[in-house]
There are 2 protein chains.
Amino acid sequence: MSESAPETAKNTVREAQTERRVTINDLADALGLTKGTVSRALNGYTDISETTRHRVAAMAETMGYRASAQARAIRTGRAHSIGLVLNVDAGNAHKPFLTDFIDGISRAVSAENWTLTVATAISETDEMATYRRLLDEKKVDGFILPRTRIVDPRVDLLLRANMPFVLYGRTGEMEGCASVDVAGELAMRHAVELLSGLGHRKIGYVGGGAVYNYAPLRLEGFLDGMRRCGLAVDPDLITSGAMTPDEGHALAMRMLTRDAPPTAIVAALDQAALGVCAAAQACGLDVGRDLSVIGYDGIPEGAYARPPLTTFAVDRRAAGSALAGMLLARIRGTRAEDLRQLLEAQLVLRGSHGPPAGDSAALAARIEAATPATA
Amino acid sequence: MSESAPETAKNTVREAQTERRVTINDLADALGLTKGTVSRALNGYTDISETTRHRVAAMAETMGYRASAQARAIRTGRAHSIGLVLNVDAGNAHKPFLTDFIDGISRAVSAENWTLTVATAISETDEMATYRRLLDEKKVDGFILPRTRIVDPRVDLLLRANMPFVLYGRTGEMEGCASVDVAGELAMRHAVELLSGLGHRKIGYVGGGAVYNYAPLRLEGFLDGMRRCGLAVDPDLITSGAMTPDEGHALAMRMLTRDAPPTAIVAALDQAALGVCAAAQACGLDVGRDLSVIGYDGIPEGAYARPPLTTFAVDRRAAGSALAGMLLARIRGTRAEDLRQLLEAQLVLRGSHGPPAGDSAALAARIEAATPATA
DNA sequence: TGCGTCACCGAAACCGGTTTCGGCAACAGG
DNA sequence: CCTGTTGCCGAAACCGGTTTCGGTGACGCA
């Protein structure tokens with residue numbers, strides 16, 4: 001009926017224009033040029049006059065043209081995205097590091113109009129398959145490899161496929177590998193030196209997951225510190241494999257219920273350190289006085305623990321940004337060997353450390369008294 | 001010279017094969033078919049005989065063929081990726097939610113061989129530009145919109161561009177919007193009911209950022225609880241704008257130094273609640289006894305705070321997975337109106353709440369005594 | 001005037017897939 | 001035996017860009 005009013009106001013608003021994407025052909029038509037010329041004008045080829053270059057740029061602006069990432073990628077081979085594969089296999093052990101890390105990466109790549117492509121793997125085999133998929137599908141131009149292991153199959157895969165990557169951490173065979181890492185070994189050494197300076201002589205160590213590359217490094221740093229300070233290393237006080245509070249709790253408990261307990265414990269991970277503190281408190285100890293604890297990572301929980309945890313904080317956002325920047329450089333041709341960076345963790349002095357309240361024997365007596373006899 | 005030994009073992013290992021990607025043409029050649037036929041065989045067209053379909057699948061398997069995501073995307077229009085834009089404008093207020101959230105999303109999309117594309121914006125205008133860029137470049141097939149605001153320009157943009165999206169949170173005008181949200185208003189109401197049941201009659205409220213959609217909802221939930229419990233609402237005890245511990249601290253301090261301080265405070269965010277606890281402690285109060293505090297979010301710091309924070313925990317991983325699943329459904333054609341989900345936060349009873357130790361007047365006296373007179 | 005340069009742009013191939021269209025052989029039905 | 005389906009596949013267009021290759025007109029110079 002209302003043929004005379006084919007579109008009501010409502011219709012105009014609703015159906016509006018479907019806003020079809022404007023392609024390079026539309027642009028070329030509007031300009032009376034061929035799409036090849038338009039493409040070259042937009043990409044800074046020298047055989048285009050300054051005049052038409054400006055005409056094209058202006059028209060592109062007003063028409064809101066932006067090249068399709070995939071149409072471009074198919075010819076240039078560049079997806080303008082970097083990949084990050086999360087492996088949730090190892091429980092939530094990756095948790096504390098993720099937020100700032102992703103933020104750092106994403107910020108760095110977004111600044112150059114690239115994107116970050118995230119995929120999740122739920123097992124080790126799935127992890128490799130995921131890398132292969134992203135690689136074969138050409139979804140990314142390079143990878144950031146978190147949580148490097150001592151011998152890391154991902155490195156083989158990517159080297160063989162000639163796909164750029166940067167390690168967050170180091171690995172056994174570094175040939176062809178760019179990397180950013182935080183010098184955990186230095187932090188561990190400094191932790192010992194700090195404690196030694198306060199008067200501690202019996203210091204225990206709670207290490208992290210053995211397959212990860214940082215584990216031997218941090219242990220070595222700890223031992224190095226002991227050596228430099230002239231302290232004896234009690235093999236029974238060197239433990240490893242704690243990546244959660246519970247695991248840290250268990251290892252610390254074993255140390256503390258020995259005849260000669262340590263007066264200080266250094267943990268390779270804050271998560272473990274938190275468990276160490278809990279164990280000490282379960283033994284009736286006052287953390288920071290009876291037992292000193294120093295962690296590593298700088299997770300937010302540490303600041304709210306009682307006492308607040310003294311730790312070495314790593315700037316994960318900075319690490320992420322550095323990694324992203326390096327990866328872009330790597331993709332653009334810089335040699336892997338020229339892309340290695342070692343950051344330092346920052347000591348955050350809080351309340352879980354202090355001078356020893358007594359020697360190991362005195363501590364043993366206190367623990368004995370507080371702990372309900374197990375047999 | 002050594003023409004007779006053109007490649008040493010080293011060379012063989014090093015230069016190996018460059019491992020050129022195997023394309024659909026390679027596959028077609030190897031099979032003696034045309035690429036069109038191969039494509040149809042792989043994509044389940046019915047006009048391909050079962051025999052050749054199997055031949056193609058087998059050969060694809062052995063040759064390790066996988067279709068290029070972009071070459072496919074250019075024709076089908078599907079990038080097989082969903083977008084998430086992080087806005088770091090609002091400081092690190094987004095922090096607590098990110099890790100599990102991304103994990104949940106990524107896990108859900110990875111299960112279908114899609115990916116998550118992350119970009120970061122550093123301001124509000126940059127944010128809109130980033131959405132537009134991802135949209136124009138066709139990098140993603142849909143968006144998850146975190147931190148919805150009451151009036152949200154992103155919704156307009158995406159509706160107009162006809163690009164699927166799902167809100168994490170709700171917004172003022174929900175037409176055409178799919179969404180997942182956690183019913184914060186319910187939690188706030190339950191918090192009041194819990195406190196009222198313990199005997200509290202003067203309860204304060206510390207709200208979050210006003211522009212966000214959850215702010216009025218949670219406040220309304222709080223007021224609803226007060227109403228249902230027959231408690232009087234003191235306007236001076238209703239505050240808002242706290243998204244950090246410091247801001248929570250400031251607001252709580254103002255409430256506590258009034259003539260008639262509350263015996264309990266409900267906070268819309270754990271971050272703020274943590275500040276409330278600190279303020280109470282600065283006033284010489286024992287949180288959990290002298291003042292009850294209940295938060296919302298379930299951030300990890302809360303578990304380590306002293307006393308550990310009673311809160312309503314939201315399962316961000318589940319929310320992320322739900323969002324991703326819905327977005328995929330939306331992209332595949334489900335109506336937005338059929339994609340709405342309201343989750344519930346889970347009450348985590350810890351140590352920051354309890355029955356009131358006395359009435360408001362008694363509390364005021366204690367605070368007066370503990371606080372150094374300011375004038 | 002004739003010829004070589006150079007600046008600038010059009011035409012077309014190409015990237016790696018998907019999708020449409022048409023043709024051929026085999027087979028069934030009349 | 002002829003025709004009409006049907007099953008199956010080849011050929012070619014197409015998606016939206018990039019890049020190579022030539023060709024044209026203006027200009028300089030002999």
# chains A, B, ... in the order shown; residues from 1 in each chain; ligands from 1
call {"tool": "calpha_fit_and_write", "arguments": {"fixed": "chain A", "moving": "chain B", "output": "CSV table (one decimal) with C-alpha atoms, in the first residue's frame"}}
result
chain,number,residue,atom,x,y,z
B,1,MET,CA,0.2,-0.9,-0.3
B,2,SER,CA,2.4,1.8,0.9
B,3,GLU,CA,4.4,1.7,-2.3
B,4,SER,CA,4.7,5.4,-2.1
B,5,ALA,CA,6.7,5.1,1.2
B,6,PRO,CA,9.1,2.2,0.6
B,7,GLU,CA,11.1,2.8,3.6
B,8,THR,CA,9.9,4.1,7.0
B,9,ALA,CA,12.2,5.8,9.4
B,10,LYS,CA,12.5,2.6,11.3
B,11,ASN,CA,13.6,0.7,8.2
B,12,THR,CA,16.2,3.2,7.4
B,13,VAL,CA,17.7,2.9,10.8
B,14,ARG,CA,17.4,-0.9,10.9
B,15,GLU,CA,18.5,-2.2,7.6
B,16,ALA,CA,20.6,0.8,6.9
B,17,GLN,CA,23.4,0.1,4.5
B,18,THR,CA,24.9,-3.3,4.9
B,19,GLU,CA,28.1,-1.5,4.7
B,20,ARG,CA,29.9,-3.7,2.4
B,21,ARG,CA,33.6,-3.6,2.8
B,22,VAL,CA,35.3,-1.3,0.4
B,23,THR,CA,37.9,-3.3,-1.6
B,24,ILE,CA,40.8,-2.2,-3.6
B,25,ASN,CA,38.6,-2.5,-6.8
B,26,ASP,CA,36.1,-0.1,-5.4
B,27,LEU,CA,39.0,2.3,-4.8
B,28,ALA,CA,40.4,1.8,-8.2
B,29,ASP,CA,37.1,2.4,-9.9
B,30,ALA,CA,36.5,5.5,-7.9
B,31,LEU,CA,39.8,6.8,-9.0
B,32,GLY,CA,39.8,5.7,-12.5
B,33,LEU,CA,43.0,3.7,-12.0
B,34,THR,CA,43.7,0.0,-12.0
B,35,LYS,CA,44.0,-1.9,-8.8
B,36,GLY,CA,47.6,-2.6,-9.4
B,37,THR,CA,48.4,1.0,-9.5
B,38,VAL,CA,46.4,1.7,-6.4
B,39,SER,CA,48.2,-1.1,-4.6
B,40,ARG,CA,51.6,0.3,-5.6
B,41,ALA,CA,50.6,3.8,-4.7
B,42,LEU,CA,49.6,2.6,-1.2
B,43,ASN,CA,52.7,0.6,-0.7
B,44,GLY,CA,55.2,3.2,-1.5
B,45,TYR,CA,56.5,2.0,-4.9
B,46,THR,CA,58.7,4.6,-6.6
B,47,ASP,CA,57.1,4.4,-10.0
B,48,ILE,CA,54.0,6.3,-8.9
B,49,SER,CA,53.9,10.0,-9.3
B,50,GLU,CA,53.6,12.1,-6.1
B,51,THR,CA,50.3,13.5,-7.4
B,52,THR,CA,48.5,10.2,-7.8
B,53,ARG,CA,50.0,8.9,-4.7
B,54,HIS,CA,48.3,11.6,-2.8
B,55,ARG,CA,45.0,11.2,-4.7
B,56,VAL,CA,45.0,7.5,-3.8
B,57,ALA,CA,45.8,8.1,-0.2
B,58,ALA,CA,43.1,10.8,0.1
B,59,MET,CA,40.5,8.6,-1.5
B,60,ALA,CA,41.4,5.6,0.6
B,61,GLU,CA,41.0,7.8,3.6
B,62,THR,CA,37.6,9.1,2.7
B,63,MET,CA,36.2,5.8,1.5
B,64,GLY,CA,37.6,4.1,4.6
B,65,TYR,CA,39.6,1.5,2.7
B,66,ARG,CA,41.8,-0.9,4.5
B,67,ALA,CA,43.4,-3.9,2.9
B,68,SER,CA,42.2,-7.3,3.9
B,69,ALA,CA,44.9,-8.9,6.0
B,70,GLN,CA,44.4,-12.3,4.4
B,71,ALA,CA,44.2,-11.2,0.8
B,72,ARG,CA,47.5,-9.5,1.4
B,73,ALA,CA,48.9,-12.4,3.3
B,74,ILE,CA,48.2,-14.9,0.6
B,75,ARG,CA,50.6,-13.1,-1.7
B,76,THR,CA,53.2,-11.6,0.7
B,77,GLY,CA,53.2,-14.6,3.1
B,78,ARG,CA,52.9,-12.3,6.1
B,79,ALA,CA,49.9,-12.7,8.4
B,80,HIS,CA,51.0,-9.9,10.6
B,81,SER,CA,50.4,-11.8,13.7
B,82,ILE,CA,52.6,-13.6,16.2
B,83,GLY,CA,51.6,-16.8,18.0
B,84,LEU,CA,51.5,-17.8,21.6
B,85,VAL,CA,50.5,-21.3,22.5
B,86,LEU,CA,49.4,-21.9,26.1
B,87,ASN,CA,49.8,-25.3,27.5
B,88,VAL,CA,47.4,-25.9,30.4
B,89,ASP,CA,48.7,-29.4,30.8
B,90,ALA,CA,50.8,-28.5,33.8
B,91,GLY,CA,47.8,-27.5,35.9
B,92,ASN,CA,47.6,-23.8,36.5
B,93,ALA,CA,51.3,-23.5,37.0
B,94,HIS,CA,51.4,-21.0,34.2
B,95,LYS,CA,48.9,-18.8,35.9
B,96,PRO,CA,50.9,-16.1,37.7
B,97,PHE,CA,52.8,-15.1,34.7
B,98,LEU,CA,50.1,-14.8,32.1
B,99,THR,CA,48.3,-11.5,32.6
B,100,ASP,CA,51.2,-9.0,32.5
B,101,PHE,CA,53.0,-11.1,30.0
B,102,ILE,CA,50.2,-11.1,27.4
B,103,ASP,CA,49.7,-7.5,28.1
B,104,GLY,CA,53.3,-6.7,27.3
B,105,ILE,CA,53.3,-8.8,24.1
B,106,SER,CA,50.0,-7.4,22.9
B,107,ARG,CA,51.0,-3.9,23.6
B,108,ALA,CA,54.2,-4.2,21.6
B,109,VAL,CA,52.7,-5.9,18.6
B,110,SER,CA,49.6,-3.6,18.5
B,111,ALA,CA,51.9,-0.6,18.3
B,112,GLU,CA,52.9,-1.9,14.8
B,113,ASN,CA,49.4,-2.9,13.9
B,114,TRP,CA,50.2,-6.6,14.3
B,115,THR,CA,48.1,-8.9,16.5
B,116,LEU,CA,48.7,-11.7,18.9
B,117,THR,CA,47.2,-15.0,18.1
B,118,VAL,CA,46.6,-17.2,21.2
B,119,ALA,CA,45.8,-20.9,21.1
B,120,THR,CA,45.5,-23.4,24.0
B,121,ALA,CA,46.8,-26.9,24.1
B,122,ILE,CA,45.6,-29.4,26.7
B,123,SER,CA,48.4,-31.9,26.6
B,124,GLU,CA,52.0,-32.1,25.4
B,125,THR,CA,51.1,-33.9,22.2
B,126,ASP,CA,48.3,-31.5,21.6
B,127,GLU,CA,50.8,-28.7,22.1
B,128,MET,CA,53.0,-29.9,19.3
B,129,ALA,CA,49.9,-30.4,17.1
B,130,THR,CA,48.8,-26.9,17.8
B,131,TYR,CA,52.1,-25.4,16.8
B,132,ARG,CA,52.0,-27.4,13.6
B,133,ARG,CA,48.5,-26.3,12.9
B,134,LEU,CA,49.2,-22.6,13.3
B,135,LEU,CA,52.3,-23.1,11.2
B,136,ASP,CA,50.7,-25.1,8.4
B,137,GLU,CA,47.7,-22.8,8.3
B,138,LYS,CA,50.0,-19.9,8.1
B,139,LYS,CA,48.2,-18.1,10.8
B,140,VAL,CA,51.2,-16.6,12.3
B,141,ASP,CA,54.6,-15.3,11.3
B,142,GLY,CA,56.5,-16.4,14.3
B,143,PHE,CA,56.1,-17.7,17.8
B,144,ILE,CA,57.0,-16.8,21.4
B,145,LEU,CA,57.8,-19.9,23.3
B,146,PRO,CA,57.1,-19.7,27.0
B,147,ARG,CA,58.3,-22.1,29.7
B,148,THR,CA,61.3,-23.4,27.9
B,149,ARG,CA,62.4,-26.9,28.8
B,150,ILE,CA,66.0,-28.1,28.8
B,151,VAL,CA,65.4,-30.2,25.7
B,152,ASP,CA,62.5,-28.6,23.9
B,153,PRO,CA,60.8,-30.3,20.9
B,154,ARG,CA,59.2,-27.0,19.9
B,155,VAL,CA,62.6,-25.7,19.0
B,156,ASP,CA,63.3,-28.6,16.6
B,157,LEU,CA,59.9,-28.2,15.0
B,158,LEU,CA,60.3,-24.5,14.3
B,159,LEU,CA,63.9,-24.6,13.2
B,160,ARG,CA,63.0,-27.3,10.8
B,161,ALA,CA,60.0,-25.4,9.5
B,162,ASN,CA,62.2,-22.3,9.2
B,163,MET,CA,59.7,-20.4,11.3
B,164,PRO,CA,61.0,-17.5,13.4
B,165,PHE,CA,60.6,-17.7,17.2
B,166,VAL,CA,61.9,-16.3,20.4
B,167,LEU,CA,62.3,-18.2,23.7
B,168,TYR,CA,61.1,-16.9,27.0
B,169,GLY,CA,63.8,-18.6,28.9
B,170,ARG,CA,66.8,-20.4,27.7
B,171,THR,CA,67.3,-24.0,26.5
B,172,GLY,CA,70.0,-26.6,26.2
B,173,GLU,CA,70.9,-26.1,22.6
B,174,MET,CA,70.7,-22.4,21.9
B,175,GLU,CA,72.0,-22.5,18.3
B,176,GLY,CA,69.5,-20.6,16.1
B,177,CYS,CA,67.5,-19.4,19.1
B,178,ALA,CA,66.7,-15.9,20.0
B,179,SER,CA,65.7,-15.4,23.6
B,180,VAL,CA,64.8,-13.2,26.5
B,181,ASP,CA,65.2,-14.5,30.0
B,182,VAL,CA,65.4,-13.3,33.5
B,183,ALA,CA,68.6,-14.3,35.3
B,184,GLY,CA,67.0,-16.4,38.0
B,185,GLU,CA,70.4,-17.8,38.9
B,186,LEU,CA,71.6,-14.4,39.8
B,187,ALA,CA,68.6,-13.8,42.0
B,188,MET,CA,69.1,-17.1,43.8
B,189,ARG,CA,72.7,-16.2,44.4
B,190,HIS,CA,71.8,-12.8,45.7
B,191,ALA,CA,69.2,-14.4,48.0
B,192,VAL,CA,71.9,-16.5,49.6
B,193,GLU,CA,74.2,-13.6,49.9
B,194,LEU,CA,71.5,-11.5,51.6
B,195,LEU,CA,70.7,-14.3,54.0
B,196,SER,CA,74.4,-15.0,54.7
B,197,GLY,CA,74.9,-11.3,55.4
B,198,LEU,CA,72.2,-11.5,58.0
B,199,GLY,CA,73.9,-14.3,59.7
B,200,HIS,CA,72.3,-17.4,58.4
B,201,ARG,CA,74.5,-20.4,57.9
B,202,LYS,CA,72.1,-23.3,57.3
B,203,ILE,CA,70.0,-22.4,54.2
B,204,GLY,CA,67.7,-24.8,52.5
B,205,TYR,CA,66.5,-24.7,48.9
B,206,VAL,CA,63.2,-25.6,47.4
B,207,GLY,CA,63.5,-25.9,43.6
B,208,GLY,CA,60.9,-26.0,40.8
B,209,GLY,CA,59.9,-28.4,38.1
B,210,ALA,CA,62.8,-30.4,36.9
B,211,VAL,CA,62.1,-30.4,33.2
B,212,TYR,CA,62.1,-26.7,32.9
B,213,ASN,CA,65.3,-25.0,31.9
B,214,TYR,CA,65.3,-22.6,34.8
B,215,ALA,CA,65.5,-25.3,37.4
B,216,PRO,CA,69.2,-26.2,37.1
B,217,LEU,CA,70.1,-22.6,36.5
B,218,ARG,CA,68.5,-21.4,39.7
B,219,LEU,CA,69.9,-24.3,41.7
B,220,GLU,CA,73.3,-23.5,40.3
B,221,GLY,CA,72.8,-19.9,41.3
B,222,PHE,CA,71.9,-21.0,44.8
B,223,LEU,CA,74.9,-23.3,45.1
B,224,ASP,CA,77.1,-20.6,43.7
B,225,GLY,CA,75.9,-18.2,46.4
B,226,MET,CA,76.6,-20.8,49.1
B,227,ARG,CA,80.1,-21.3,47.7
B,228,ARG,CA,80.9,-17.6,47.5
B,229,CYS,CA,79.7,-17.1,51.1
B,230,GLY,CA,81.7,-20.1,52.3
B,231,LEU,CA,78.6,-21.9,53.5
B,232,ALA,CA,78.4,-25.7,53.7
B,233,VAL,CA,75.7,-27.3,51.5
B,234,ASP,CA,73.7,-30.0,53.2
B,235,PRO,CA,72.4,-32.3,50.4
B,236,ASP,CA,69.3,-33.0,52.5
B,237,LEU,CA,68.4,-29.4,52.3
B,238,ILE,CA,68.4,-29.3,48.5
B,239,THR,CA,65.0,-30.2,47.2
B,240,SER,CA,63.2,-29.8,44.0
B,241,GLY,CA,59.9,-30.3,42.2
B,242,ALA,CA,57.7,-27.7,44.0
B,243,MET,CA,55.5,-25.7,41.7
B,244,THR,CA,52.5,-25.2,44.0
B,245,PRO,CA,52.0,-24.1,47.6
B,246,ASP,CA,51.1,-27.7,48.6
B,247,GLU,CA,54.3,-29.1,47.1
B,248,GLY,CA,56.3,-26.3,48.7
B,249,HIS,CA,54.6,-27.1,52.0
B,250,ALA,CA,55.5,-30.8,51.7
B,251,LEU,CA,59.2,-30.2,50.9
B,252,ALA,CA,59.6,-27.6,53.6
B,253,MET,CA,57.9,-29.8,56.2
B,254,ARG,CA,60.4,-32.5,55.5
B,255,MET,CA,63.3,-30.1,56.0
B,256,LEU,CA,61.9,-28.6,59.1
B,257,THR,CA,61.3,-31.8,60.9
B,258,ARG,CA,64.9,-33.0,60.4
B,259,ASP,CA,67.4,-33.0,63.3
B,260,ALA,CA,69.1,-30.0,61.9
B,261,PRO,CA,66.6,-27.7,60.2
B,262,PRO,CA,67.6,-24.7,58.1
B,263,THR,CA,67.1,-21.2,59.5
B,264,ALA,CA,66.3,-19.9,56.1
B,265,ILE,CA,64.8,-21.3,52.9
B,266,VAL,CA,65.2,-20.0,49.4
B,267,ALA,CA,62.4,-21.0,47.0
B,268,ALA,CA,62.7,-20.9,43.2
B,269,LEU,CA,59.0,-20.0,42.9
B,270,ASP,CA,56.8,-17.7,45.0
B,271,GLN,CA,54.0,-20.3,44.8
B,272,ALA,CA,56.3,-22.8,46.5
B,273,ALA,CA,57.5,-20.1,49.0
B,274,LEU,CA,54.0,-19.5,50.1
B,275,GLY,CA,53.7,-23.1,50.9
B,276,VAL,CA,57.0,-23.0,52.8
B,277,CYS,CA,55.7,-20.2,54.9
B,278,ALA,CA,52.5,-22.2,55.7
B,279,ALA,CA,54.6,-25.2,56.7
B,280,ALA,CA,56.7,-23.0,59.0
B,281,GLN,CA,53.6,-21.6,60.6
B,282,ALA,CA,52.3,-25.1,61.0
B,283,CYS,CA,55.5,-25.8,63.0
B,284,GLY,CA,54.8,-22.9,65.3
B,285,LEU,CA,57.4,-20.8,63.7
B,286,ASP,CA,57.3,-17.0,63.1
B,287,VAL,CA,58.3,-16.5,59.5
B,288,GLY,CA,60.7,-13.6,59.2
B,289,ARG,CA,62.1,-14.3,62.7
B,290,ASP,CA,62.4,-18.0,63.4
B,291,LEU,CA,62.6,-18.8,59.7
B,292,SER,CA,63.5,-16.6,56.8
B,293,VAL,CA,61.9,-17.3,53.4
B,294,ILE,CA,62.8,-15.7,50.1
B,295,GLY,CA,60.8,-16.4,47.0
B,296,TYR,CA,61.1,-15.6,43.3
B,297,ASP,CA,58.5,-14.3,40.8
B,298,GLY,CA,56.8,-11.4,42.5
B,299,ILE,CA,53.2,-12.8,42.3
B,300,PRO,CA,50.6,-10.5,43.8
B,301,GLU,CA,49.6,-12.9,46.5
B,302,GLY,CA,53.0,-12.5,48.0
B,303,ALA,CA,52.3,-8.9,48.9
B,304,TYR,CA,49.3,-9.9,50.9
B,305,ALA,CA,50.7,-12.9,52.6
B,306,ARG,CA,51.4,-12.7,56.3
B,307,PRO,CA,54.2,-11.8,56.6
B,308,PRO,CA,54.5,-10.3,53.2
B,309,LEU,CA,56.8,-12.3,51.1
B,310,THR,CA,60.3,-11.1,50.4
B,311,THR,CA,61.0,-12.0,46.8
B,312,PHE,CA,62.7,-11.3,43.5
B,313,ALA,CA,60.1,-9.7,41.2
B,314,VAL,CA,60.3,-10.2,37.5
B,315,ASP,CA,58.7,-7.6,35.2
B,316,ARG,CA,56.7,-9.9,33.0
B,317,ARG,CA,55.2,-7.0,31.1
B,318,ALA,CA,58.7,-5.8,30.1
B,319,ALA,CA,59.7,-9.4,29.2
B,320,GLY,CA,56.7,-9.7,27.0
B,321,SER,CA,57.4,-6.5,25.2
B,322,ALA,CA,61.0,-7.4,24.8
B,323,LEU,CA,60.0,-10.8,23.4
B,324,ALA,CA,57.6,-9.3,21.0
B,325,GLY,CA,60.0,-6.7,19.8
B,326,MET,CA,62.7,-9.3,19.2
B,327,LEU,CA,60.4,-11.6,17.4
B,328,LEU,CA,59.4,-8.8,15.0
B,329,ALA,CA,63.1,-8.1,14.4
B,330,ARG,CA,63.7,-11.8,13.9
B,331,ILE,CA,60.9,-12.0,11.4
B,332,ARG,CA,62.3,-9.0,9.5
B,333,GLY,CA,65.6,-10.7,9.2
B,334,THR,CA,67.8,-10.1,12.2
B,335,ARG,CA,70.0,-13.0,13.0
B,336,ALA,CA,68.9,-15.1,16.0
B,337,GLU,CA,72.3,-14.9,17.6
B,338,ASP,CA,72.0,-11.1,17.7
B,339,LEU,CA,68.8,-11.3,19.6
B,340,ARG,CA,69.5,-12.4,23.1
B,341,GLN,CA,68.6,-10.5,26.2
B,342,LEU,CA,69.1,-11.3,29.9
B,343,LEU,CA,67.0,-9.3,32.3
B,344,GLU,CA,67.4,-9.0,36.0
B,345,ALA,CA,64.8,-9.7,38.7
B,346,GLN,CA,64.3,-7.0,41.2
B,347,LEU,CA,64.7,-7.7,44.9
B,348,VAL,CA,61.6,-6.7,46.9
B,349,LEU,CA,62.3,-6.6,50.5
B,350,ARG,CA,59.3,-7.4,52.6
B,351,GLY,CA,58.7,-9.2,55.8
B,352,SER,CA,59.6,-12.8,55.4
B,353,HIS,CA,63.3,-12.5,56.0
B,354,GLY,CA,65.5,-11.3,58.9
B,355,PRO,CA,68.5,-12.3,61.0
B,356,PRO,CA,68.3,-15.8,62.5
B,357,ALA,CA,66.7,-15.9,66.0
B,358,GLY,CA,68.9,-18.8,67.0
B,359,ASP,CA,70.9,-21.6,65.6
B,360,SER,CA,69.7,-24.8,63.9
B,361,ALA,CA,69.6,-26.8,67.1
B,362,ALA,CA,67.5,-24.2,69.0
B,363,LEU,CA,65.1,-24.2,66.1
B,364,ALA,CA,64.9,-28.0,66.1
B,365,ALA,CA,63.9,-27.9,69.8
B,366,ARG,CA,61.2,-25.3,69.1
B,367,ILE,CA,59.8,-27.3,66.3
B,368,GLU,CA,59.9,-30.5,68.3
B,369,ALA,CA,57.9,-28.8,71.0
B,370,ALA,CA,55.3,-27.4,68.7
B,371,THR,CA,54.8,-30.4,66.5
B,372,PRO,CA,52.6,-33.2,67.8
B,373,ALA,CA,54.7,-36.3,67.9
B,374,THR,CA,53.9,-38.4,65.0
B,375,ALA,CA,54.8,-41.8,66.5
call {"tool": "closest_atom_pairs", "arguments": {"of": "chain D", "to": "chain A", "cutoff": "7 Å", "atoms": "only C-alpha atoms (C1' of nucleotides)", "output": "JSON lines"}}
result
{"residue": "D:DG16", "atom": "C1'", "partner": "A:Ala71", "partner_atom": "CA", "distance": 5.1}
{"residue": "D:DG17", "atom": "C1'", "partner": "A:Ala71", "partner_atom": "CA", "distance": 4.9}
{"residue": "D:DT18", "atom": "C1'", "partner": "A:Arg75", "partner_atom": "CA", "distance": 6.0}
call {"tool": "closest_atom_pairs", "arguments": {"of": "chain D", "to": "region 2-18 of chain C", "cutoff": "9 Å", "atoms": "only C-alpha atoms (C1' of nucleotides)", "output": "CSV"}}
result
residue,atom,partner,partner_atom,distance
D:DC14,C1',C:DT18,C1',8.4
D:DC15,C1',C:DT18,C1',8.6
D:DT18,C1',C:DC14,C1',8.4
D:DT19,C1',C:DC14,C1',8.2
D:DT20,C1',C:DA13,C1',7.9
D:DC21,C1',C:DA12,C1',8.8
D:DG22,C1',C:DA11,C1',8.7
D:DG23,C1',C:DG10,C1',8.5
D:DT24,C1',C:DC9,C1',9.0
D:DA26,C1',C:DA7,C1',8.9
D:DC27,C1',C:DT5,C1',8.5
D:DG28,C1',C:DT5,C1',8.3
call {"tool": "select_by_dssp", "arguments": {"residues": "region 82-323 of chain A", "states": "strand (DSSP E or B)", "output": "number ranges by chain"}}
result
A: 82-87, 115-121, 143-145, 149, 165-168, 178-182, 203-206, 212, 238-239, 264-267, 287, 291-297, 310-313
call {"tool": "atom_distance", "arguments": {"atom1": "C1' of DG22 (chain C)", "atom2": "C1' of DT5 (chain D)"}}
result
15.3 Å
call {"tool": "atom_distance", "arguments": {"atom1": "C1' of DG10 (chain D)", "atom2": "C1' of DT19 (chain C)"}}
result
13.5 Å
call {"tool": "atom_distance", "arguments": {"atom1": "C1' of DC29 (chain D)", "atom2": "C1' of DT1 (chain C)"}}
result
11.9 Å
call {"tool": "select_by_dssp", "arguments": {"residues": "region 100-306 of chain B", "states": "helix (DSSP H, G or I)", "output": "MDAnalysis selection string"}}
result
chainID B and resid 100:110 124:136 153:161 184:198 214:228 235:237 245:256 270:282 300:304
